[in-house]
>>> print(open('start_30.txt').read())   # compact mmCIF, C-alpha atoms and all ligand atoms
# COMPACT_ATOMS: atom_id res chain seq x y z
CA MET A 1 135.49 109.85 68.80
CA LYS A 2 132.32 111.67 67.62
CA GLU A 3 129.77 112.61 70.25
CA GLN A 4 126.91 110.92 68.41
CA ILE A 5 127.25 107.51 66.81
CA SER A 6 125.67 107.12 63.40
CA PHE A 7 122.21 105.66 62.75
CA ASP A 8 123.66 102.41 61.38
CA SER A 9 125.82 101.97 64.45
CA LEU A 10 122.85 102.63 66.70
CA CYS A 11 121.20 99.64 65.05
CA VAL A 12 124.20 97.42 65.67
CA LYS A 13 125.17 98.29 69.24
CA GLU A 14 123.45 97.12 72.43
CA TYR A 15 121.43 100.02 73.86
CA GLN A 16 121.52 101.35 77.44
CA ARG A 17 120.06 98.59 79.59
CA ASN A 18 116.89 99.35 81.48
CA GLU A 19 117.80 97.17 84.45
CA SER A 20 116.99 99.32 87.48
CA THR A 21 115.05 96.65 89.42
CA LYS A 22 116.09 93.09 90.11
CA PRO A 23 114.06 90.51 88.15
CA HIS A 24 112.02 88.31 90.47
CA GLN A 25 112.68 85.27 88.28
CA LEU A 26 115.97 84.03 86.86
CA PRO A 27 116.60 85.66 83.47
CA ILE A 28 117.76 83.67 80.44
CA TYR A 29 121.25 84.97 79.68
CA ALA A 30 121.15 84.40 75.92
CA THR A 31 124.67 85.58 75.31
CA SER A 32 127.63 83.68 73.95
CA SER A 33 130.18 85.95 75.58
CA PHE A 34 130.66 88.47 78.38
CA GLU A 35 132.27 91.88 78.17
CA PHE A 36 135.38 92.79 80.10
CA GLU A 37 135.93 96.20 81.70
CA SER A 38 139.57 96.08 80.63
CA LEU A 39 142.15 93.84 79.06
CA ASP A 40 143.55 93.09 82.54
CA GLN A 41 140.16 91.96 83.78
CA GLY A 42 139.85 89.67 80.76
CA ILE A 43 143.18 88.06 81.57
CA ASP A 44 142.29 87.70 85.25
CA ILE A 45 138.97 86.03 84.45
CA PHE A 46 140.51 83.67 81.90
CA THR A 47 143.25 82.65 84.30
CA GLY A 48 140.82 82.25 87.19
CA LYS A 49 142.38 85.04 89.28
CA GLU A 50 139.07 86.86 89.28
CA SER A 51 135.73 85.12 89.20
CA GLY A 52 133.48 86.02 86.31
CA HIS A 53 132.11 84.78 83.03
CA SER A 54 133.88 84.99 79.70
CA TYR A 55 132.27 82.64 77.19
CA SER A 56 129.09 80.61 77.66
CA ARG A 57 130.68 77.26 76.86
CA TYR A 58 132.84 77.90 79.94
CA GLY A 59 129.93 79.01 82.10
CA ASN A 60 126.78 81.11 81.99
CA PRO A 61 124.83 82.78 84.82
CA THR A 62 121.54 81.00 84.02
CA VAL A 63 123.17 77.61 83.61
CA ASP A 64 125.43 77.94 86.67
CA THR A 65 122.62 79.14 88.91
CA VAL A 66 120.52 76.08 88.12
CA ALA A 67 123.50 73.70 88.42
CA ASN A 68 124.32 75.12 91.86
CA LYS A 69 120.73 74.75 93.00
CA LEU A 70 120.59 71.08 91.97
CA ALA A 71 123.96 70.42 93.66
CA LYS A 72 122.59 72.00 96.83
CA MET A 73 119.50 69.77 96.62
CA GLU A 74 121.54 66.58 96.14
CA SER A 75 123.78 67.43 99.11
CA PHE A 76 121.06 68.95 101.29
CA GLY A 77 121.51 68.14 104.96
CA THR A 78 125.14 67.07 104.55
CA GLU A 79 128.39 68.96 105.19
CA LEU A 80 129.56 68.27 101.63
CA GLU A 81 130.55 71.15 99.37
CA ALA A 82 128.87 69.79 96.28
CA TYR A 83 129.26 71.27 92.81
CA GLY A 84 127.16 70.69 89.70
CA PHE A 85 127.63 70.97 85.95
CA LEU A 86 124.61 71.03 83.68
CA THR A 87 125.12 69.17 80.40
CA SER A 88 123.41 68.97 77.01
CA SER A 89 121.69 65.65 77.86
CA GLY A 90 121.67 62.85 80.41
CA MET A 91 123.94 60.86 78.11
CA SER A 92 126.45 63.71 77.94
CA ALA A 93 126.46 63.90 81.74
CA ILE A 94 127.39 60.21 81.86
CA SER A 95 129.97 60.36 79.05
CA THR A 96 131.55 63.58 80.35
CA LEU A 97 131.86 62.07 83.82
CA MET A 98 133.53 58.93 82.43
CA LEU A 99 135.93 60.92 80.23
CA SER A 100 136.85 63.18 83.17
CA THR A 101 137.53 60.44 85.69
CA LEU A 102 138.81 57.45 83.69
CA ARG A 103 141.58 56.78 81.23
CA GLN A 104 142.65 54.08 78.78
CA GLY A 105 143.06 50.75 80.55
CA ASP A 106 140.55 51.50 83.30
CA LYS A 107 137.46 49.36 83.87
CA VAL A 108 134.04 50.18 85.27
CA LEU A 109 132.17 47.63 87.38
CA THR A 110 128.49 47.95 86.59
CA GLN A 111 125.17 46.15 86.17
CA SER A 112 123.58 44.56 83.09
CA ASN A 113 120.20 46.26 83.57
CA LEU A 114 121.42 49.82 82.99
CA TYR A 115 119.56 52.42 80.95
CA GLY A 116 119.93 51.14 77.36
CA GLY A 117 121.84 54.19 76.15
CA THR A 118 124.39 53.79 78.94
CA THR A 119 125.02 50.14 78.05
CA GLU A 120 125.54 51.18 74.42
CA LEU A 121 127.83 54.03 75.45
CA PHE A 122 130.03 51.50 77.27
CA ASN A 123 129.94 48.90 74.50
CA LYS A 124 130.22 51.10 71.43
CA VAL A 125 132.09 54.25 72.47
CA LEU A 126 134.05 53.92 75.71
CA THR A 127 135.38 50.45 74.82
CA GLN A 128 136.96 51.96 71.70
CA LEU A 129 138.84 54.39 73.94
CA GLY A 130 140.11 51.55 76.13
CA ILE A 131 137.61 52.07 78.97
CA GLU A 132 135.79 48.79 79.51
CA PRO A 133 132.65 47.81 81.38
CA VAL A 134 132.40 44.70 83.55
CA PHE A 135 128.75 43.75 83.82
CA ILE A 136 127.77 41.84 86.96
CA ASN A 137 124.84 41.39 89.32
CA MET A 138 125.31 44.36 91.66
CA LYS A 139 123.08 42.79 94.32
CA ASP A 140 125.65 40.05 94.83
CA HIS A 141 128.23 41.45 97.26
CA ASP A 142 130.53 38.41 96.94
CA THR A 143 130.76 38.85 93.17
CA ILE A 144 131.51 42.56 93.60
CA GLN A 145 134.32 41.79 96.05
CA GLN A 146 135.76 38.98 93.91
CA ASN A 147 135.89 41.21 90.83
CA ILE A 148 137.57 44.06 92.66
CA GLU A 149 140.06 41.79 94.43
CA LYS A 150 141.17 40.13 91.20
CA ASP A 151 141.20 43.19 88.92
CA PRO A 152 143.09 46.31 90.03
CA THR A 153 142.16 48.09 86.79
CA ILE A 154 138.57 48.53 88.03
CA LYS A 155 138.56 52.23 88.90
CA MET A 156 134.87 52.98 89.15
CA ILE A 157 131.59 51.40 90.23
CA TYR A 158 128.61 52.77 88.33
CA ILE A 159 125.02 51.94 89.31
CA GLU A 160 121.33 52.64 88.84
CA THR A 161 118.92 51.96 91.68
CA PRO A 162 116.04 51.31 91.36
CA ALA A 163 116.74 49.89 87.90
CA ASN A 164 114.45 49.82 84.91
CA PRO A 165 111.99 48.16 84.52
CA THR A 166 111.78 45.72 87.46
CA MET A 167 112.78 48.35 90.05
CA ALA A 168 115.55 46.13 91.40
CA CYS A 169 117.52 48.00 94.10
CA ILE A 170 121.18 48.02 95.08
CA ASN A 171 122.41 48.67 98.61
CA ILE A 172 123.99 52.11 98.12
CA LYS A 173 125.56 52.53 101.55
CA TRP A 174 127.26 49.14 101.54
CA LEU A 175 128.62 49.72 98.06
CA ALA A 176 129.89 53.24 98.81
CA ASN A 177 131.66 52.07 101.98
CA TYR A 178 133.22 49.07 100.29
CA ALA A 179 134.40 51.11 97.28
CA LYS A 180 135.88 53.74 99.59
CA SER A 181 137.91 51.08 101.42
CA LYS A 182 139.33 50.00 98.02
CA ASN A 183 139.93 53.53 96.70
CA ILE A 184 137.43 53.09 93.88
CA LEU A 185 135.20 55.90 92.63
CA THR A 186 131.44 55.48 92.79
CA ALA A 187 128.81 57.04 90.57
CA ILE A 188 125.05 56.64 90.39
CA ASP A 189 122.36 57.58 87.91
CA ASN A 190 119.68 59.06 90.18
CA THR A 191 117.23 59.97 87.39
CA PHE A 192 114.36 57.76 88.64
CA CYS A 193 114.44 59.13 92.20
CA THR A 194 115.61 62.75 92.10
CA PRO A 195 117.09 64.16 95.35
CA ILE A 196 113.58 64.37 96.77
CA ILE A 197 113.48 60.57 97.10
CA GLN A 198 117.11 59.47 97.24
CA GLN A 199 120.30 61.35 98.15
CA PRO A 200 123.22 59.09 97.21
CA LEU A 201 125.88 61.66 98.22
CA SER A 202 124.62 61.45 101.80
CA LEU A 203 125.13 57.66 101.63
CA GLY A 204 128.77 58.04 100.55
CA ILE A 205 128.58 58.03 96.74
CA ASP A 206 131.12 60.27 94.93
CA PHE A 207 129.18 61.36 91.84
CA VAL A 208 125.52 61.64 90.92
CA VAL A 209 124.29 62.01 87.34
CA HIS A 210 120.78 62.79 86.14
CA SER A 211 118.89 62.97 82.94
CA THR A 212 117.10 66.19 83.96
CA THR A 213 114.99 65.52 80.85
CA LYS A 214 112.87 63.29 83.10
CA TYR A 215 111.57 64.13 86.59
CA ILE A 216 113.77 67.13 87.39
CA ASN A 217 112.35 69.16 84.53
CA GLY A 218 109.16 67.13 84.62
CA HIS A 219 107.37 68.82 81.74
CA GLY A 220 108.88 66.96 78.80
CA ASN A 221 110.08 70.09 77.02
CA SER A 222 113.88 69.95 77.30
CA ILE A 223 116.79 67.53 76.99
CA ALA A 224 119.57 68.07 79.52
CA GLY A 225 121.57 66.42 82.27
CA ILE A 226 123.75 67.15 85.27
CA ILE A 227 126.90 65.85 86.94
CA ILE A 228 127.08 66.48 90.69
CA GLY A 229 130.18 65.78 92.75
CA HIS A 230 131.88 66.88 95.95
CA LYS A 231 135.50 65.75 95.54
CA ALA A 232 137.41 69.01 95.07
CA ASP A 233 140.16 67.41 92.96
CA TYR A 234 137.65 66.37 90.28
CA ARG A 235 135.86 69.69 89.96
CA LYS A 236 138.34 71.21 87.56
CA LYS A 237 138.82 67.95 85.63
CA ILE A 238 135.10 67.70 84.95
CA TRP A 239 134.80 71.36 84.00
CA ASN A 240 137.79 71.05 81.66
CA THR A 241 136.38 68.01 79.88
CA LEU A 242 132.94 69.59 79.66
CA LYS A 243 134.14 72.81 78.11
CA LEU A 244 136.56 71.08 75.74
CA ILE A 245 134.22 68.44 74.37
CA GLY A 246 131.50 71.08 74.42
CA SER A 247 128.79 69.04 76.16
CA THR A 248 127.49 72.07 78.05
CA CYS A 249 123.83 72.87 78.60
CA ASN A 250 122.32 75.97 77.02
CA PRO A 251 120.63 78.78 79.02
CA TRP A 252 117.17 78.12 77.60
CA ASP A 253 117.09 74.49 78.72
CA ALA A 254 118.60 75.49 82.07
CA TRP A 255 115.79 77.99 82.51
CA LEU A 256 113.16 75.34 81.74
CA ILE A 257 114.75 73.08 84.35
CA ASN A 258 114.69 75.93 86.85
CA ASN A 259 111.00 76.35 86.22
CA GLY A 260 110.32 72.64 86.56
CA VAL A 261 112.31 72.16 89.75
CA LYS A 262 110.11 74.58 91.68
CA THR A 263 107.36 71.96 91.82
CA LEU A 264 109.63 68.91 92.11
CA ALA A 265 108.79 68.12 95.74
CA LEU A 266 105.05 68.41 95.10
CA ARG A 267 105.27 66.37 91.92
CA MET A 268 107.30 63.54 93.44
CA GLU A 269 104.81 63.27 96.29
CA ARG A 270 101.92 62.95 93.85
CA HIS A 271 103.82 60.65 91.46
CA SER A 272 104.53 58.39 94.45
CA SER A 273 101.00 58.32 95.85
CA ASN A 274 99.47 57.74 92.40
CA ALA A 275 101.96 54.97 91.63
CA GLN A 276 101.31 53.27 94.99
CA SER A 277 97.60 53.36 94.35
CA LEU A 278 97.94 52.07 90.76
CA ALA A 279 100.32 49.30 91.86
CA GLU A 280 97.83 48.08 94.48
CA LYS A 281 94.93 48.12 92.01
CA LEU A 282 96.99 46.25 89.39
CA GLU A 283 98.12 43.66 91.92
CA ALA A 284 94.47 42.89 92.71
CA HIS A 285 93.45 42.57 89.03
CA PRO A 286 92.85 39.03 87.72
CA ASN A 287 94.51 39.71 84.32
CA VAL A 288 97.75 40.91 85.90
CA GLY A 289 100.65 38.77 87.08
CA ILE A 290 103.64 40.30 88.80
CA VAL A 291 103.65 44.03 89.65
CA ASN A 292 107.09 45.62 90.12
CA TYR A 293 106.80 48.60 92.44
CA ASN A 294 109.12 49.31 95.37
CA GLY A 295 106.20 50.46 97.49
CA LEU A 296 104.52 47.03 97.42
CA THR A 297 105.43 44.70 100.29
CA SER A 298 105.54 41.93 97.65
CA HIS A 299 108.53 43.58 95.92
CA PRO A 300 111.74 41.68 96.78
CA ASP A 301 113.56 44.98 97.50
CA HIS A 302 110.77 46.68 99.44
CA GLU A 303 112.74 46.79 102.72
CA LEU A 304 115.97 47.95 101.06
CA ALA A 305 114.08 50.63 99.13
CA LYS A 306 112.41 51.77 102.35
CA SER A 307 115.79 52.08 104.05
CA GLN A 308 117.43 54.26 101.37
CA MET A 309 114.52 56.07 99.70
CA LYS A 310 111.99 58.60 101.01
CA GLY A 311 108.92 57.44 99.11
CA PHE A 312 108.98 55.10 96.12
CA GLY A 313 108.61 57.36 93.10
CA GLY A 314 106.44 57.14 90.01
CA MET A 315 107.91 54.22 88.05
CA LEU A 316 106.37 50.75 87.98
CA SER A 317 105.94 47.83 85.62
CA PHE A 318 103.56 44.90 85.47
CA GLU A 319 103.22 41.66 83.57
CA ILE A 320 99.90 40.92 81.99
CA ASN A 321 98.86 37.28 81.74
CA ALA A 322 97.94 37.48 78.04
CA GLY A 323 101.57 37.82 76.87
CA MET A 324 102.80 39.71 73.81
CA GLU A 325 99.48 39.86 71.97
CA GLY A 326 97.63 40.99 75.07
CA ALA A 327 100.26 43.61 75.86
CA LEU A 328 100.04 45.11 72.39
CA GLN A 329 96.25 45.11 72.59
CA LEU A 330 96.32 46.84 75.97
CA MET A 331 98.72 49.49 74.68
CA ASN A 332 96.59 50.21 71.63
CA ASN A 333 93.39 50.45 73.65
CA LEU A 334 94.65 53.18 75.98
CA LYS A 335 92.84 56.48 75.52
CA PHE A 336 93.98 58.68 78.39
CA CYS A 337 97.58 57.56 78.97
CA SER A 338 100.17 58.35 76.28
CA LEU A 339 102.48 55.93 74.50
CA ALA A 340 105.77 57.82 74.63
CA PRO A 341 109.34 56.61 75.01
CA THR A 342 110.31 58.79 77.96
CA LEU A 343 109.47 59.01 81.65
CA GLY A 344 109.05 61.49 84.47
CA ASP A 345 106.64 63.84 82.71
CA VAL A 346 103.62 65.22 84.56
CA ASP A 347 101.30 62.98 82.52
CA THR A 348 101.12 59.19 82.53
CA LEU A 349 103.32 57.46 79.94
CA VAL A 350 103.15 53.79 79.04
CA LEU A 351 105.82 51.72 77.30
CA HIS A 352 106.04 48.08 76.19
CA PRO A 353 109.77 47.20 76.57
CA ALA A 354 109.68 44.00 74.47
CA SER A 355 108.49 45.90 71.40
CA SER A 356 110.36 49.17 71.98
CA SER A 357 113.30 49.81 74.33
CA HIS A 358 114.34 46.12 74.33
CA LEU A 359 113.31 45.22 70.77
CA ASN A 360 116.90 44.43 69.80
CA VAL A 361 117.74 42.52 72.96
CA ASN A 362 117.89 38.75 72.68
CA LYS A 363 114.69 37.22 74.13
CA GLU A 364 116.50 34.96 76.63
CA ILE A 365 118.66 37.83 77.95
CA ARG A 366 115.58 40.04 78.11
CA GLU A 367 113.61 37.46 80.05
CA ALA A 368 116.53 36.77 82.39
CA ASN A 369 116.36 40.48 83.28
CA GLY A 370 112.66 40.17 84.14
CA ILE A 371 111.38 41.67 80.88
CA GLY A 372 108.79 39.23 79.54
CA ASP A 373 106.62 39.65 76.45
CA GLY A 374 103.71 40.86 78.57
CA LEU A 375 105.63 43.41 80.65
CA ILE A 376 104.35 46.97 80.57
CA ARG A 377 106.13 49.95 82.10
CA VAL A 378 104.25 52.92 83.43
CA SER A 379 105.62 56.33 84.33
CA VAL A 380 102.71 57.28 86.54
CA GLY A 381 101.75 60.93 86.14
CA ILE A 382 100.25 63.46 88.52
CA GLU A 383 96.76 63.49 87.01
CA SER A 384 93.77 62.27 88.97
CA ILE A 385 94.37 58.60 89.81
CA GLU A 386 90.71 57.90 88.95
CA ASP A 387 91.36 58.84 85.32
CA ILE A 388 94.62 56.86 85.12
CA TRP A 389 93.00 53.76 86.60
CA SER A 390 89.81 54.07 84.58
CA ASP A 391 91.88 54.02 81.36
CA ILE A 392 94.18 51.14 82.32
CA ASN A 393 91.29 49.16 83.81
CA GLN A 394 89.14 49.43 80.67
CA SER A 395 92.13 48.40 78.60
CA LEU A 396 92.85 45.38 80.82
C1 LIG B 401 116.68 59.04 79.83
C2 LIG B 401 117.71 58.47 80.70
C3 LIG B 401 119.07 58.69 80.45
C4 LIG B 401 119.56 59.49 79.24
O1 LIG B 401 119.18 60.81 79.33
P1 LIG B 401 118.97 61.80 78.05
O2 LIG B 401 118.56 63.08 78.68
O3 LIG B 401 117.93 61.16 77.17
O4 LIG B 401 120.29 61.87 77.36
C5 LIG B 401 120.00 58.16 81.33
N1 LIG B 401 119.60 57.44 82.39
C6 LIG B 401 118.31 57.19 82.66
C7 LIG B 401 117.96 56.38 83.86
C8 LIG B 401 117.32 57.69 81.83
O5 LIG B 401 116.05 57.42 82.09
>>> encode(input="start_30.txt", output="structure tokens")
Amino acid sequence: MKEQISFDSLCVKEYQRNESTKPHQLPIYATSSFEFESLDQGIDIFTGKESGHSYSRYGNPTVDTVANKLAKMESFGTELEAYGFLTSSGMSAISTLMLSTLRQGDKVLTQSNLYGGTTELFNKVLTQLGIEPVFINMKDHDTIQQNIEKDPTIKMIYIETPANPTMACINIKWLANYAKSKNILTAIDNTFCTPIIQQPLSLGIDFVVHSTTKYINGHGNSIAGIIIGHKADYRKKIWNTLKLIGSTCNPWDAWLINNGVKTLALRMERHSSNAQSLAEKLEAHPNVGIVNYNGLTSHPDHELAKSQMKGFGGMLSFEINAGMEGALQLMNNLKFCSLAPTLGDVDTLVLHPASSSHLNVNKEIREANGIGDGLIRVSVGIESIEDIWSDINQSL
């Protein structure tokens, strides 16, 4: 080997790293692969004998660091050894979890008011693979028990609480205990609450999924998700599925999440206090009918929410008396709040389910789920509540 490499090679090769001091903030490891010291080390890392990274679809320092932090947050205060896997979206967290834990012939007991994408995932994708949903009212404990007693192919219970857009809650602790006694896995989509407000693992749930796109990132600039679990026997199964279907998160999105999470506790506090204040003002307004917010004593699940949540979060919905036409008019007259089909961003976002997220849902089914023509959903931001209220009030 020559002492000096040629000019062309100098261009190609990585240069001596100037890494003498530790970066204060997590770097973005934008690398698809990792170098081995020797062939033996490569084999040891691939076979799991030695810990280390090999290829970023299998794991990446930026991605893993953020996943571990979120797992620690979800299991904070418990003895559980939780693990986390960041995914390319909230939907891929849900689908990867299902594909890792269920097989052809298995059924999932779940609710009819799930996130729309999750309902479609069950109906259009998982059903084709022989994994079927059973949609029931998850507040009705007798119905849950009857379904489980009569159908041994139900292998998982999957829930969202509070559920969009009426903020209906499910008793997590009861469900987790009951499922455990029947050897059935439990999973929850904790996107609306984040671990700041609700920690389902501490109440006995097996798996938590998030769309980190929403509150966890909080700034509306990345799409990603996470699966968090604590059952050791599923850790490898989930990792295997994730790396083989390739639903992994990339380091850039992981880094954005890491940035966002630093203010999560502060944000959730402000989202909650702003939402409480807005809910009370709306409830007192003559043009407004029902207001769905867990923090209102008028909400049917207020006591249950209080018992399993720390604070009530930033999501609410309300029905305006003027119906469809009035709702559309209100939406179009907003000047400060944004009309955007997402939630959990730092700014206030308003959505009209009947003309957007539930446009293709049959009107009777929609109304049976509490989504009338005049229902408006608000993801209450962390701006000054005076500005939020001033805009909604002028529009009302
Ligand atoms: C947005 C959302 C999802 C899907 O997440 P993506 O990041 O868009 O894939 C799942 N569940 C809930 C409750 C959501 O709000």
>>> residues_around(input="start_30.txt", residues="Glu386 in chain A", least_positions_apart="6", cutoff="10 Å", atoms="only C-alpha atoms", output="mmCIF file with C-alpha atoms, in the frame of the given file")
data_model
loop_
_atom_site.group_PDB
_atom_site.id
_atom_site.type_symbol
_atom_site.label_atom_id
_atom_site.label_comp_id
_atom_site.auth_asym_id
_atom_site.auth_seq_id
_atom_site.Cartn_x
_atom_site.Cartn_y
_atom_site.Cartn_z
ATOM 1 C CA ASN A 274 99.470 57.740 92.400
ATOM 2 C CA SER A 277 97.600 53.360 94.350
ATOM 3 C CA LEU A 278 97.940 52.070 90.760
#
>>> residues_around(input="start_30.txt", residues="Asn332 in chain A", least_positions_apart="5", cutoff="9 Å", atoms="all atoms listed in the file", output="ChimeraX atom specification")
/A:327,339,395
>>> closest_atom_pairs(input="start_30.txt", of="chain A", to="ligand LIG 401 (chain B)", cutoff="8 Å", atoms="all atoms listed in the file", output="Markdown table")
| residue | atom | partner | partner_atom | distance |
| --- | --- | --- | --- | --- |
| A:Ser88 | CA | B:LIG401 | O4 | 7.8 |
| A:Ser89 | CA | B:LIG401 | O4 | 4.1 |
| A:Gly90 | CA | B:LIG401 | O1 | 3.4 |
| A:Met91 | CA | B:LIG401 | O4 | 3.9 |
| A:Ser92 | CA | B:LIG401 | O4 | 6.5 |
| A:Ala93 | CA | B:LIG401 | O4 | 7.8 |
| A:Ile94 | CA | B:LIG401 | C5 | 7.7 |
| A:Leu114 | CA | B:LIG401 | C7 | 7.5 |
| A:Tyr115 | CA | B:LIG401 | C7 | 5.2 |
| A:Gly117 | CA | B:LIG401 | C4 | 6.5 |
| A:Thr118 | CA | B:LIG401 | C5 | 6.6 |
| A:Glu160 | CA | B:LIG401 | C7 | 7.1 |
| A:Ala163 | CA | B:LIG401 | C7 | 7.7 |
| A:Asn164 | CA | B:LIG401 | C7 | 7.5 |
| A:Asp189 | CA | B:LIG401 | C7 | 6.1 |
| A:Asn190 | CA | B:LIG401 | C7 | 7.1 |
| A:Thr191 | CA | B:LIG401 | C7 | 5.1 |
| A:Phe192 | CA | B:LIG401 | C7 | 6.1 |
| A:His210 | CA | B:LIG401 | N1 | 6.6 |
| A:Ser211 | CA | B:LIG401 | O1 | 4.2 |
| A:Thr212 | CA | B:LIG401 | O2 | 6.3 |
| A:Thr213 | CA | B:LIG401 | O2 | 4.8 |
| A:Lys214 | CA | B:LIG401 | C1 | 6.6 |
| A:Ile223 | CA | B:LIG401 | O2 | 5.1 |
| A:Ala224 | CA | B:LIG401 | O2 | 5.2 |
| A:Gly225 | CA | B:LIG401 | O2 | 5.8 |
| A:Thr342 | CA | B:LIG401 | C1 | 6.6 |
| A:Leu343 | CA | B:LIG401 | O5 | 6.8 |
>>> write_last_selection(input="start_30.txt", atoms="C-alpha atoms", output="PDB file, in the coordinates of the input")
ATOM      1  CA  SER A  88     123.410  68.970  77.010  1.00  0.00           C
ATOM      2  CA  SER A  89     121.690  65.650  77.860  1.00  0.00           C
ATOM      3  CA  GLY A  90     121.670  62.850  80.410  1.00  0.00           C
ATOM      4  CA  MET A  91     123.940  60.860  78.110  1.00  0.00           C
ATOM      5  CA  SER A  92     126.450  63.710  77.940  1.00  0.00           C
ATOM      6  CA  ALA A  93     126.460  63.900  81.740  1.00  0.00           C
ATOM      7  CA  ILE A  94     127.390  60.210  81.860  1.00  0.00           C
ATOM      8  CA  LEU A 114     121.420  49.820  82.990  1.00  0.00           C
ATOM      9  CA  TYR A 115     119.560  52.420  80.950  1.00  0.00           C
ATOM     10  CA  GLY A 117     121.840  54.190  76.150  1.00  0.00           C
ATOM     11  CA  THR A 118     124.390  53.790  78.940  1.00  0.00           C
ATOM     12  CA  GLU A 160     121.330  52.640  88.840  1.00  0.00           C
ATOM     13  CA  ALA A 163     116.740  49.890  87.900  1.00  0.00           C
ATOM     14  CA  ASN A 164     114.450  49.820  84.910  1.00  0.00           C
ATOM     15  CA  ASP A 189     122.360  57.580  87.910  1.00  0.00           C
ATOM     16  CA  ASN A 190     119.680  59.060  90.180  1.00  0.00           C
ATOM     17  CA  THR A 191     117.230  59.970  87.390  1.00  0.00           C
ATOM     18  CA  PHE A 192     114.360  57.760  88.640  1.00  0.00           C
ATOM     19  CA  HIS A 210     120.780  62.790  86.140  1.00  0.00           C
ATOM     20  CA  SER A 211     118.890  62.970  82.940  1.00  0.00           C
ATOM     21  CA  THR A 212     117.100  66.190  83.960  1.00  0.00           C
ATOM     22  CA  THR A 213     114.990  65.520  80.850  1.00  0.00           C
ATOM     23  CA  LYS A 214     112.870  63.290  83.100  1.00  0.00           C
ATOM     24  CA  ILE A 223     116.790  67.530  76.990  1.00  0.00           C
ATOM     25  CA  ALA A 224     119.570  68.070  79.520  1.00  0.00           C
ATOM     26  CA  GLY A 225     121.570  66.420  82.270  1.00  0.00           C
ATOM     27  CA  THR A 342     110.310  58.790  77.960  1.00  0.00           C
ATOM     28  CA  LEU A 343     109.470  59.010  81.650  1.00  0.00           C
TER      29      LEU A 343
END
>>> closest_residue(input="start_30.txt", among="A:Leu330, A:Ile365, A:Ala176, A:Ile382", to="Thr348 in chain A", atoms="only C-alpha atoms")
A:Ile382
>>> residues_around(input="start_30.txt", residues="range 15-28 of chain A", least_positions_apart="3", cutoff="12 Å", atoms="only C-alpha atoms", output="list of chain:residue names")
A:Ile5, A:Ser9, A:Leu10, A:Cys11, A:Val12, A:Thr31, A:Ser32, A:Asn60, A:Pro61, A:Thr62, A:Val63, A:Asp64, A:Thr65, A:Val66, A:Asn250, A:Pro251, A:Trp252, A:Asp253, A:Ala254, A:Trp255, A:Leu256, A:Ile257, A:Asn258, A:Asn259, A:Lys262
>>> closest_residue(input="start_30.txt", among="A:Asn321, A:Gln128, A:Gln394, A:Gln111", to="Gly289 in chain A", atoms="all atoms listed in the file")
A:Asn321
